[in-house]
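*Asks:* Below: one structure in structure tokens.
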Amino acid sequence: MSELLAIVSQDADYYLMLSYILKGAGYRTMLVDIPSEAVATAVDRDAAAIIVDCQPGSQILADIASGLKERGLASNVTLIALVAEKAAYLDILKANVDESFTRPMPPERLLSYLQGTIGNSSGEATSRLAPIFDDVKLDVSSRRVLVRGTPVNLSPIEFRLLSALVGDAGRVLSRAELIAVAWPPTVFVEPRTVDVHIGRLRRALKRVLGRDVIRTVPKEGYAFEIS
């Protein structure tokens, strides 16, 4: 069955247009026109992603992000923001979204991101645990990091960043290299966006490990340290 996308919008015409594009790409869609019910609705219907049509000055995006985190679903449900103002870009990132797009937006950018992030659920995932060191493992099938068996919630982008860093532990990966592995090739990503996601990843790992395992190399990039 194709993946279900919950679209949070109070603009019915915009939803119909976006839904038409997404259905043409093989996704199912549902409209959530009461933003406060977005998380509960997405959970009840097992949505793979929540796409939020952000309005200037609205708090709903941060509320949805908090709701996903409280339910332990931040790593399972992809949160996407469609932003009307470029000036709000960094504020959107601070809300713990997985990705944001500034409107007007070429539809192929969103489709490329969705296909690279959640696919279309046509194949069966194979569970595989990849050890990082001692008590830490990567659960590839569900995009989780397990610390002594306890999952650490990471967004899909942060999981891919960690996978790249761990896969070449000790070597400094440039921001360009990290962008290439963590985002679809057709999506434009600023270096500052990499820094924001690395910062979140670093804090999440430090909380459970009690130490910093990501090394910053000024003007070069980042490296994963296991010693």
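Residues are referred to by chain and number: the chain letter is A, B, ... according to the order shown in the structure tokens, the number counts from 1 in that chain, and ligands are numbered separately from 1 in the order shown.
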Residues at most 9 Å from Leu111 (chain A), counting only C-alpha atoms, excluding those fewer than 6 positions away in the same chain, as a VMD selection string?

*Replies:* chain A and resid 21 to 22 25

*Asks:* Could you give me, as JSON lines, every region 45-72 of chain A residue with an atom at most 9 Å from region 3-18 of chain A, plus its closest atom pair and distance in Å to one decimal, counting only C-alpha atoms, rows ordered by chain then number?

*Replies:*
```
{"residue": "A:Arg45", "atom": "CA", "partner": "A:Leu4", "partner_atom": "CA", "distance": 8.0}
{"residue": "A:Asp46", "atom": "CA", "partner": "A:Leu4", "partner_atom": "CA", "distance": 7.3}
{"residue": "A:Ala47", "atom": "CA", "partner": "A:Leu4", "partner_atom": "CA", "distance": 4.8}
{"residue": "A:Ala48", "atom": "CA", "partner": "A:Leu4", "partner_atom": "CA", "distance": 5.7}
{"residue": "A:Ala49", "atom": "CA", "partner": "A:Leu5", "partner_atom": "CA", "distance": 5.1}
{"residue": "A:Ile50", "atom": "CA", "partner": "A:Ala6", "partner_atom": "CA", "distance": 4.7}
{"residue": "A:Ile51", "atom": "CA", "partner": "A:Ile7", "partner_atom": "CA", "distance": 4.7}
{"residue": "A:Val52", "atom": "CA", "partner": "A:Val8", "partner_atom": "CA", "distance": 4.7}
{"residue": "A:Asp53", "atom": "CA", "partner": "A:Ser9", "partner_atom": "CA", "distance": 5.2}
{"residue": "A:Cys54", "atom": "CA", "partner": "A:Ser9", "partner_atom": "CA", "distance": 7.8}
```

*Asks:* Could you save the residues just selected, with N, CA and C atoms, as a tab-separated table (two decimals), in the first residue's frame?

*Replies:*
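File written: result_25.tsv
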```tsv
chain	number	residue	atom	x	y	z
A	45	ARG	N	-4.17	7.22	11.73
A	45	ARG	CA	-4.22	6.77	10.33
A	45	ARG	C	-2.88	6.22	9.84
A	46	ASP	N	-1.87	6.19	10.75
A	46	ASP	CA	-0.55	5.67	10.41
A	46	ASP	C	0.07	6.41	9.23
A	47	ALA	N	0.06	7.73	9.30
A	47	ALA	CA	0.65	8.55	8.23
A	47	ALA	C	2.17	8.50	8.31
A	48	ALA	N	2.81	8.47	7.15
A	48	ALA	CA	4.27	8.44	7.10
A	48	ALA	C	4.86	9.84	7.24
A	49	ALA	N	4.08	10.86	6.91
A	49	ALA	CA	4.59	12.24	6.97
A	49	ALA	C	3.45	13.20	7.25
A	50	ILE	N	3.81	14.32	7.88
A	50	ILE	CA	2.88	15.42	8.07
A	50	ILE	C	3.46	16.62	7.33
A	51	ILE	N	2.68	17.15	6.40
A	51	ILE	CA	3.10	18.33	5.63
A	51	ILE	C	2.28	19.51	6.12
A	52	VAL	N	2.96	20.55	6.62
A	52	VAL	CA	2.27	21.68	7.23
A	52	VAL	C	2.35	22.91	6.33
A	53	ASP	N	1.20	23.41	5.94
A	53	ASP	CA	1.10	24.67	5.19
A	53	ASP	C	1.21	25.80	6.22
A	54	CYS	N	2.42	26.31	6.40
A	54	CYS	CA	2.69	27.26	7.49
A	54	CYS	C	2.17	28.66	7.16
```

*Asks:* Ala62 (chain A): which residues within 8 Å, counting only C-alpha atoms, same-chain residues fewer than 3 positions away excluded, as a list in words?

*Replies:*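 These residues fall inside the cut-off: Gln59, Ala65, Ser66, Ala95 and Asn96 of chain A.
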
*Asks:* May I have the residues from that selection written out with C-alpha atoms, as a compact mmCIF listing (two decimals), in the first residue's frame?

*Replies:*
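New file result32.txt:
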```
# COMPACT_ATOMS: atom_id res chain seq x y z
CA GLN A 59 2.64 28.38 16.43
CA ALA A 65 6.82 18.93 16.42
CA SER A 66 6.40 18.89 20.20
CA ALA A 95 10.93 23.82 15.31
CA ASN A 96 12.63 20.43 14.68
```

*Asks:* Hey, what's within 12 Å of Thr216 (chain A) if we count only C-alpha atoms and toss same-chain stuff fewer than 4 positions away? As a ChimeraX atom specification, please?

*Replies:* /A:165,170-175,195,198-199,202,212,220-225

*Asks:* Write the residues you've just listed into a file as an mmCIF file, in the first residue's frame, and include C-alpha atoms for each of them.

*Replies:*
```cif
data_model
loop_
_atom_site.group_PDB
_atom_site.id
_atom_site.type_symbol
_atom_site.label_atom_id
_atom_site.label_comp_id
_atom_site.auth_asym_id
_atom_site.auth_seq_id
_atom_site.Cartn_x
_atom_site.Cartn_y
_atom_site.Cartn_z
ATOM 1 C CA LEU A 165 29.752 9.799 9.822
ATOM 2 C CA GLY A 170 37.510 9.269 12.190
ATOM 3 C CA ARG A 171 37.560 10.935 8.775
ATOM 4 C CA VAL A 172 36.390 14.513 8.413
ATOM 5 C CA LEU A 173 33.397 14.726 6.081
ATOM 6 C CA SER A 174 32.791 18.082 4.438
ATOM 7 C CA ARG A 175 29.392 19.733 4.447
ATOM 8 C CA ASP A 195 25.206 22.778 10.958
ATOM 9 C CA ILE A 198 24.501 18.241 13.165
ATOM 10 C CA GLY A 199 23.864 20.333 16.285
ATOM 11 C CA ARG A 202 25.240 15.997 18.635
ATOM 12 C CA ASP A 212 30.376 14.371 22.603
ATOM 13 C CA GLU A 220 36.309 21.624 6.918
ATOM 14 C CA GLY A 221 33.410 19.641 8.354
ATOM 15 C CA TYR A 222 32.619 16.976 10.935
ATOM 16 C CA ALA A 223 33.989 13.613 12.075
ATOM 17 C CA PHE A 224 32.669 10.816 14.274
ATOM 18 C CA GLU A 225 35.015 9.838 17.102
#
```

*Asks:* Taking 6 positions as the minimum chain separation for residues in the same chain, which residues sit within 7 Å of region 37-39 of chain A when counting only C-alpha atoms? Answer as a PyMOL selection string.

*Replies:* chain A and resi 8+64+67-68
